[in-house]
Each structure stands twice: as C-alpha cells, then as structure tokens.
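Chemist: Sending over a structure as structure tokens; questions will come in a sec.
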Amino acid sequence: MPDFSAAEMMVVASARQLAGERVCFVGVGPPNIACNLAKRTSAPGIELLYEAGVFGAEPARLPLSIGDPTLVSGSLQVTNMYELFAYFLERGLVDVGFLGGAQIDRFGNLNTTVIGDYAKPTVRLPGSGGACEIAINAKKIFVIMPQTSRSFVDTIDFVTSPGHLGGERPKEWQGAGPTVVVTGLGVYGFDGATGEMTLESLHPGVTIAQVQENTGWEMKVATGVRETDPPTEEELRIIREELDPEGVYTR
Amino acid sequence: MPDFSAAEMMVVASARQLAGERVCFVGVGPPNIACNLAKRTSAPGIELLYEAGVFGAEPARLPLSIGDPTLVSGSLQVTNMYELFAYFLERGLVDVGFLGGAQIDRFGNLNTTVIGDYAKPTVRLPGSGGACEIAINAKKIFVIMPQTSRSFVDTIDFVTSPGHLGGERPKEWQGAGPTVVVTGLGVYGFDGATGEMTLESLHPGVTIAQVQENTGWEMKVATGVRETDPPTEEELRIIREELDPEGVYTR
Amino acid sequence: MPETGTGKVASMRDAVQELIRDGDTVAIEGFTHLICFAAGHEIIRQGKRDLTLCRLTPDVIYDQMIGAGVARKLVFSWLGNPGVGSLHAVRRRVERHDPEPLEIEEYSHFGMVCRYVAGASKLPFFPIRSYYQSDLPAANPKIVPVHSPYGDETVYAVPPLNPDVTIVHAQRADAKGDAQIWGLLGCQKEAAFAAERVIVVCEELVDESVIRSDPNRTVIPGLIVDAVVVEPKACHPSFAQGYYDRDNRFYIDWDRISRDPDQLENWLKEWVHGTDSHAEYVEKLGAERWASLAPGEAWSEPVNYGEYA
Amino acid sequence: MPETGTGKVASMRDAVQELIRDGDTVAIEGFTHLICFAAGHEIIRQGKRDLTLCRLTPDVIYDQMIGAGVARKLVFSWLGNPGVGSLHAVRRRVERHDPEPLEIEEYSHFGMVCRYVAGASKLPFFPIRSYYQSDLPAANPKIVPVHSPYGDETVYAVPPLNPDVTIVHAQRADAKGDAQIWGLLGCQKEAAFAAERVIVVCEELVDESVIRSDPNRTVIPGLIVDAVVVEPKACHPSFAQGYYDRDNRFYIDWDRISRDPDQLENWLKEWVHGTDSHAEYVEKLGAERWASLAPGEAWSEPVNYGEYA
C-alpha cells in the first residue's frame, strides 16, 4: 500500500463515488480535484459545471478560485449566472452537487454561515454562496469536509443548506439530498428511512472509536462496515502529477 | 406644395411627433420608416429597438420583416427576447412604442385579435405579439393606422392592448398610454382629463366632415384645430430615395 | 437525457421518427430567424398527428403543418405571415372549422417567452408586467393575476411551457450538439432547456475545438441535446444570419398558395411529399434562387480568451 | 438618463465624484472576473461615506473599502477571500463591531442574482426554488414564501435590488458606453440595467465599428451608461479574460494584511491614498509583476454576420 495523505484519501474516495454520474456542480479545492480525478478514472463522461457560469470546463491548470480564467478558455459554454442557476441547477440538470461546511449534523444539514448567534457571531463564516439552492436542487449532494467533534455536531448553529432535516424532504425539492459524506476518517451514507448519517467505510488505519471521538452524536455504524480501498498508484499519480502537482489541496 | 400620398403624410406626421424622443420600439412598415425619417430630421438621437432583440439598428436596406437580417448586421446590441422585453421594455427604458390595429375606440384601446366572437371569429387577426406589454410599459404610445368607420369604432370587439380605458391608468402601468394617433386623415391627441381622442390637425385637403364620416363615434375636435403641415421636399426625398425607394409602404 | 455525446448525429428522418410521437407538444422556435422549415416538412412527410404546436409566431411553417393536418392545437402569440398578411390555412380552421376545428391557446410575445423561461427554470409560474385590463386573460384563463408578497402591487402570471420536443436550428454545432447561434436569438435557449427532448439542426457540423474557441457564443449545450441533424439551408424561406437571406418572394407567394386549399395541397405534394429530403428541396429550388439569397461578408472582430496554462 | 452619447468619457476621479454620493447604494459587480478594484480605490480616495455596498462576493475589494470606512451596510451572498480564506476587516466589524458595527443583508448567490433581475425588470418580486427549510429566511425577513397561483406549490420570493450606481468593468467599450465582455459574465448586465446610474470602466476604448461588428457580444448598451472610464488593468488583483491573470499572490498577501488593522491602514496609505490614480498604482506594481500575469493567446473563431444591403 503506497503512502498517502488524509486529503488524498478523501479525494480518491469522493472520485469513486462519482462513477456513473454525469453533471457535477463543483467548487474549487478538493471537489474540483475529485471530479477531475473521476473524469480520468471512474466517470469519463462527467461534465463539470462551475457556479461562475462555466459548463464543460477543461482547465489547463489547477484552478485557484471558483472563477479562474483557465476554467473559461476552452470550455464548452459560458453563460451568465442567472441562466446557470435557473436553466442548469433549478431545472434539475445537476446530478451531483458538492458541498462542505463548518458544521454538519446527523441529517446532513450544513452550516456555512455563523458560529454563535447570527446577530453577533463568534465567527462569521462566508454564508451560502450557491450552497442553499444546490442543496435543494441537485439530484444528490456529496459532502466533503474534515471531521472533528467541532464540525460533526449534535446541533448546528445555523442551517445554511438543508439536508434531510428530520426525515422527509418537501415535494418542491428536486433531489435526494445528501447521499455521501467523505471525511478524513471515512465514508458515510444516510439511512433511507430516518435520513440519519451512517458510517459505511473506514479509511485504512482508522477505528470506529476514532470516528465516535470526532462526532458530536452517537454515529450509526452500518452492519458490515468495511475498510475504504486505499488509493491506487494510478490515482495517486494523477493527483500528484496532473491535478495538484504543488499539493495545494492534497498534501 | 409637392404631391404626396396619404401614406407619406402619415409617415411624415408621425416622424415630426418623435422630436426629442430617444428610444423607440418599432415594428416594420410605416413606423419603421417614420422612425428612420425622424432620425434624419426631427430626432437625430433616436435609437431603434426591435422586438426581435435588436438595439441600435442601422439597417442598410428597408427591412421587410420585423426580424430582417439587415437589422442585425452593424447594430449595437442583439439580445435574446427575454432580456429585450424585461430589461428594456418592462424596465421602462422605452420612450415611444408604435402600435396599430384593426380597431380603435375613443380611449385608444386597440384590437388586433378578432373581429366577431373570440371563440369563433369572423376574422381572426394576428393577436397581440408584443403589443399588449408595449401598451402598458412604453412611456408613450403612438398609433399609426388607416381611418375608416370600420376601424374607428364605438366598441371594439376585443381589447388586445389597453389604452386609456375609460379614464385613469392603474398605478402598475409605467407610461402615459396613447398620446398620438396618426391616420390618413389627421393627427389626434387625447384629453388629459377624460382620456378621450381629440382631433388636433387635419391633413391638407381633409375636412372635419370626412373625419366624422370615418369615425364610429362623435369625434371631439380641439378648439383651434389646424392643418397638418404638408411634407417638405426634403422629407419626401428621404422617403422616396433612401427609406422606401420601391414604395412598398408609402406609395 | 442522452448518453455522453456519442452517436447523436442523425438524419432528419431518423431524428423526427425517433423523437417525435403523435400527440406530442412540439416547439420549432426561432423568431423570424433560423426557423427550421426542414423539420416541419419532415414532420409532414411522416404524417405525424394530433400535435400541439408552440411558437411565438406560427409563421408560414405552422401554416404548412396545420394545412397538412398534423396539429390539433396551437399555442402562440402572433399569428401572421410576417410582412405579408395572414396565415390562411390556420384562419380557415379557426374561423370556419375547415376542415376541422383547431384549438388555440393565446398569449402575448413576452408571455410566451416567460412561459419558456418558467419551463426552463422549473418554476410553477412566471410574473410579468403585462395584461392589465386587456381581454387576453378573459380569453385565456391560464393568464392570472398574482399579488406581490411585498405589498399591494399586482402583476400577471403565466404558467411554464415544457414541450415534449423542441427543435432549434443553429449556424454551427459539434457532434455532441453544443450549438452556437449569432444574430437574432429569439427564445431558442429557453425553449430548448424547457423541453424533454431537443433536436439541434445546423448549417455546419464543426469540430468541438471551434465551439471551445468561443464558449460565450454557445447557446445550447450538448448536454440537453438528443439528436444533431446536419441540414444546410434548412430554414428556407426564413434566413440564417451570414448564410442566406430571407426569401421574401416565397413569403409573398405563400399568401396566394395558402388562400386556396387545393393550391396548398398541390404545393405540399410537390415540395414536401414530392421530395425525399431537404437536400432534394434545396436542389429543386435551384442555384439561381440560392445565389439571389447569398449575403455579402461581415466578419466579427475576434476576441482573445487567453491561454492560462 | 444621459444625453446622446456625447461627452461620457471621463476620468475615474470625475466619474466617482459626479455619480456617487454619500449614502448611495453601490454595486461593483463581476464574479471573480472583471472586479473593478480601481473604482473601489477611487471611492476610498474620495472618502465617500455611509455607502450600502452590494455584491454577491464582497471579495478583497469590499474588505478594502469596508476597512477604509466608506460603508454602513453590506448586501451579499458569499463573504470570503476566494481560494484563500476570510475577509478580516469585514469580520471585525460583524463579529466585534470593531471599529463600528456593519449592517448586513444576506442572500444566496441565486437570490442576489434574481434580486438584480427583478430590479432590471421592474418586477416587485422574483420567484426562486431555494431557501426551503434553510435558516436564511429567518435571518433575512425579506426572503418570503410565495404561493403559485396555479396550485399548492410554494417557492420563495426575493425583492428587487436597484442600486443607485452600478460599476462594471468591460474588456472593450465605445465612447457611448456600449460595452462588450467575454469570459465570465456574472450578473453585470442585470446589475447595470437595475441601476439608476451606470459607470462602465474598460480595458480598451474602441471605435463603435468594433462593437457593431459583433452585436451579440454587447452586454451593456450605451443607452444606460452615464460615464465611460478608460482604465487599463483596473481589475488587479482580479483578472480580465485575455488581458491579465488573477494575481493570486495578492489574494494570499491580503489575508495577512487585513488580519491586522495597522497593516491594512498602512496598505491603504501606500497603495490607495499614496497613489494619485490607478495608473500610478499600476506602475508601482512593476513591470515584472505584470509580465507574470500576462496570458498566452487564444483567439475566438470569427463569425460572419453577412452584409444585407
């Protein structure tokens, strides 16, 4: 088994979950690397959609912001943001939306707005950006974020992007909500009946005890929880040589 | 006084009314010729907006349809129809909208939909096109149409584009409604208090009796009704040599 | 939703056969510009029935299709032969139910455009500042007032329009259906995003690299396209900016033809049923006619997107 | 509304002085691309006060402006230094009221975009499919549910946003303000049409014939433009597609600078108050830095609009 970082494991595990998916609404950083890795491995037909208004990007270098000029040159289509959000996202053309957050709860509700009180927060986070509408309109939501007992909490301070709430999703919602959470410790799914997060695989070397230590509620564990397959040599080569040669996001 | 046709008199009288106006929402035919004449005479700063999505057209030939390719080549901006109607018209940027119709009543309400019953009409007319929203959102409406007792009627069969109704315009409306009507017989305005059409000038050689014969109600006549100044040599030259050399709309 | 860009290029015959079913709601959009007559003709050739046809301006193409009996219903905002006069085949069916009634559903242009926008955005309604005191809402109960949640202002709502099939014509497209249009854009983008299935017809099939050299010019992404038909001159007698002019003579001739059901029938026999494909129609029209429709050149100033490697 | 295209070309100093008043609602739009930093710097130089600043992504430019004390309120949807981290000057004011509170009004990206669309269309509200069960409507009572007039579906409404002044940067514009943009378009068109007054800043002033050679590329018509400022490289450290790259080093440096009020103060002294104009700022940055930001060439395939005479 080759050496790899926790960030590399997260990217690889995410990329594998994209097998068979078509249209991905991505941000910069790990989701972008995961999608580009998937395109070269598990999901060759995947198309990348960026909220800045770019469809079918073929970035010639690692994009450093969500609106990097390298996303534009050589892409298939650039639209204004209204059409991107209305005709692609709201229309229901997005298969997978990637989200992250400062806090997540057991139902996959995400907080990217504030820690503390909204009116005078302890920490003012960036806010929604497009996350709220992505959460509601993408067919599936994949969450990538680091896992600690401060980020996996019993009650989040603010619901920026709704997940499974406490069960059923309203009929106006287009998608299934969060289906996958990938952290540095493992891969999680959600119980179809209760909408509750469930540990499905542990990254190599991680224990269930570590997961519980880094979760603010008692994490459900799937019967038959398994070990995440470690990154292959080829996956690591693509990440290290092609997608993030300077290791900005994956070292 | 040079010889001229009734159509030429209509175009010339309309063009003069455009003095000082800026953005004109035009159709093909007489309104288009009137606007282009105004641009060369009474309103050099006028900009032509076509519902097909063209702003700042500089047609190199007489456009034969509302979406002639000559309107596009060399224009300042081409937008999709949503943006044209929403951001130019609905926003309130249109100073003058030109309308016509098969029927008009004393309040400037226009019918371009049906003669007879809507469900099974005697004559099925084209319908609204953009006329209904132009009537409501342009700052002023100029009407150009032929005048007969069948077109100037007491009660129109269908209100396609509302005018002054029976008085006040609702607050949601952006403009003043119809302010000028030009026919082959004369030029009409509207009474500020009652919203009723009023004869303001008679084209050369036309009598008030002729106007009344060709109106389905008793037309109000302004005190001090005057004779329309006939077309000048220069106005006729521009129409005949530059704008409609084949006389499609003006002979 | 089609699979990843493979095998979408099809003949018009196959595209119409596979993607349009009797009873479908079909939009052939294009405002005066890029009206895909060739698609309409193929629909007539194949004898499709009971279609609901949607277009802002039914134009001569829907007069031909309705005259040929493919449609049950018409959804529109302006019913005429632009710059010429009436659509007589449509009028006969509306005024005299001859040879049978035609159901109509009528809006204004902006209303129709916003119906496609709502359809393309999956919105249950779209608000517009129109229709106040017009008789249109009485004639069409789908046009209803809606109150602003912020106060006492009232605007009107139109419902979404989601065609089963939208057909758009583009100057150039790649094999996956990424399509670029310049000149009048009408509401093709909205009508395509609103549709369940999309047929892109193009003047020229180009390499993907041409599309990627100017991504701001792309109107329709291949993502939503089911078939790509390469059919030059498919818009005659309407025009394709930079490719051919509007054939005004045809629009004038059509007024005479469509006034008389027998002449219309004969025209369809000769020009639609009598031709096997649009290529034959184009040839039949003759080189001289095409030469008279050829525009001069007026090229856009290119722009530099920059290489960011 | 300006008079017919004459005399709109102005210096940044004059444009800001004449068109922006204390207390105005100002939008400098551009999503990561074409963010007109030079306009923000001139607003700081002139010591404007009590502005309400609107932008989807306040970015480093509003951190600078808010750090300099020109703003009373911020309307936004994503508050960060993109790809780097936080906007510390903004955070100090929100978290600790240091040196004074900053009023905020918060939406999602799509909500902000639709506020401009509503403003540009004079609609009293705009419906969107977002916000269900999010805490955002509780935090911002202007986000309200609205029921479809066609049934029991509920969407959310956002109110129109009509800035007093919108500033947009374009790659090229003519002297009347007809502006062309390629690459990311953000919501500049909507923000400009929504505004009472519009300042267009451009990399290059071109002859009207260049604009007219490609009318589909025009994003803003001169009709709605009050001033045209020719200010090359005005977007540094953001980018102008085909002209210069994003200066990522500056975004990273800013994190350190804005963490410390004294460093921020010194930066403003040196780079904003210490320069008389953006031309000086550009020169001060140095030829080497600019050379490192120069992209390679990637030209669009031109298209033929055709001559129809």
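Within each chain, counting starts at residue 1; across the structure tokens, chains are named A, B, ... in the order shown, with ligands numbered 1 upward in that order.
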If DSSP is run on the backbone, what residues of region 4-223 of chain B are alpha helix (DSSP H)? A reply as a ChimeraX atom specification would be ideal.

Modeler: /B:6-17,30-40,69-72,81-83,131-137,208-213

Chemist: Hey, which bits of chain D sit within 8 Å of chain B, and for each residue what's the closest pair of atoms and how far apart in Å (one decimal), counting only C-alpha atoms, rows by chain and increasing number, as CSV?

Modeler:
```
residue,atom,partner,partner_atom,distance
D:Thr4,CA,B:Gly45,CA,5.7
D:Gly119,CA,B:Arg91,CA,8.0
D:Ala120,CA,B:Tyr87,CA,5.3
D:Ser121,CA,B:Arg91,CA,4.6
D:Lys122,CA,B:Arg91,CA,5.0
D:Asp178,CA,B:Leu76,CA,7.2
D:Glu190,CA,B:Tyr87,CA,7.9
D:Phe193,CA,B:Tyr87,CA,6.3
D:Ser209,CA,B:Gly74,CA,7.6
D:Ile211,CA,B:Leu76,CA,6.4
D:Arg212,CA,B:Gly74,CA,4.5
D:Ser213,CA,B:Gly74,CA,5.8
D:Asp214,CA,B:Gly74,CA,7.6
D:Pro215,CA,B:Gln77,CA,4.3
D:Asn216,CA,B:Val78,CA,4.9
D:Arg217,CA,B:Gln77,CA,7.4
D:Thr218,CA,B:Gln77,CA,5.3
D:Val219,CA,B:Gln77,CA,7.7
D:Pro221,CA,B:Gln77,CA,6.8
D:Tyr305,CA,B:Ser73,CA,5.8
D:Gly306,CA,B:Ser73,CA,6.7
D:Glu307,CA,B:Ser73,CA,6.6
D:Tyr308,CA,B:Thr70,CA,5.0
D:Ala309,CA,B:Ala60,CA,4.9
```

Chemist: Extract, using only C-alpha atoms, all DNA, RNA and protein residues at most 10 Å from Arg246 (chain C), discarding same-chain residues fewer than 3 positions from it, and format them as a ChimeraX atom specification.

Modeler: /B:64-65,67-69 /C:32-34,235-241,249-251,293-294

Chemist: Identify, on the basis of only C-alpha atoms, every residue whose closest approach to region 107-124 of chain A does not exceed 7 Å; exclude the query and any residue fewer than 6 positions from it along the same chain; express the result as JSON, numbers by chain.

Modeler: {"A": [101, 156, 157, 158, 159, 160, 161, 162, 163, 164, 165, 166, 178, 195, 196, 197], "D": [91, 94, 95]}

Chemist: With only C-alpha atoms considered, list every residue of chain D at most 9 Å from chain C, as a count of residues only.

Modeler: 55

Chemist: Based on DSSP run over this structure's backbone, return all residues of region 78-294 of chain C in strand (DSSP E or B), as a PyMOL selection string.

Modeler: chain C and resi 81+85+103-106+126-128+144-147+154-158+165-173+179-180+197-205+218-220+227-230+239-240+244

Chemist: Which residues, written as a list in words, have at least one atom at most 10 Å from Gly222 (chain C), with only C-alpha atoms counted and residues fewer than 6 positions away on the same chain left out?

Modeler: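 Counting only C-alpha atoms, the residues come to Gly56, Leu76 and Gln77 of chain A; Pro2, Thr4, Gly5, Lys8, Ala173, Asp174, Ala175, Lys176, Gly177, Asp178, Ala179, Val198, Val200 and Val228 of chain C.
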
Chemist: For the residues selected in the previous step, produce a file with C-alpha atoms as an mmCIF file, in the first residue's frame.

Modeler:
```cif
data_model
loop_
_atom_site.group_PDB
_atom_site.id
_atom_site.type_symbol
_atom_site.label_atom_id
_atom_site.label_comp_id
_atom_site.auth_asym_id
_atom_site.auth_seq_id
_atom_site.Cartn_x
_atom_site.Cartn_y
_atom_site.Cartn_z
ATOM 1 C CA GLY A 56 -17.708 21.710 -19.848
ATOM 2 C CA LEU A 76 -17.977 24.363 -23.985
ATOM 3 C CA GLN A 77 -20.238 27.145 -22.759
ATOM 4 C CA PRO C 2 -28.783 11.245 -23.893
ATOM 5 C CA THR C 4 -22.258 11.018 -23.361
ATOM 6 C CA GLY C 5 -22.186 12.667 -26.730
ATOM 7 C CA LYS C 8 -26.200 11.814 -31.732
ATOM 8 C CA ALA C 173 -22.798 22.761 -33.799
ATOM 9 C CA ASP C 174 -20.450 19.956 -32.851
ATOM 10 C CA ALA C 175 -21.315 16.271 -32.901
ATOM 11 C CA LYS C 176 -22.436 16.332 -29.274
ATOM 12 C CA GLY C 177 -24.923 19.111 -30.003
ATOM 13 C CA ASP C 178 -23.110 22.086 -28.492
ATOM 14 C CA ALA C 179 -24.653 24.760 -30.677
ATOM 15 C CA VAL C 198 -34.121 18.544 -28.090
ATOM 16 C CA VAL C 200 -30.439 20.619 -32.933
ATOM 17 C CA VAL C 228 -27.862 16.593 -34.155
#
```

Chemist: Could you jot down the CA of Phe37 (chain D) to CA of Val201 (chain D) separation for me, Å, one decimal place?

Modeler: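 Distance between the two atoms: 10.6 Å.
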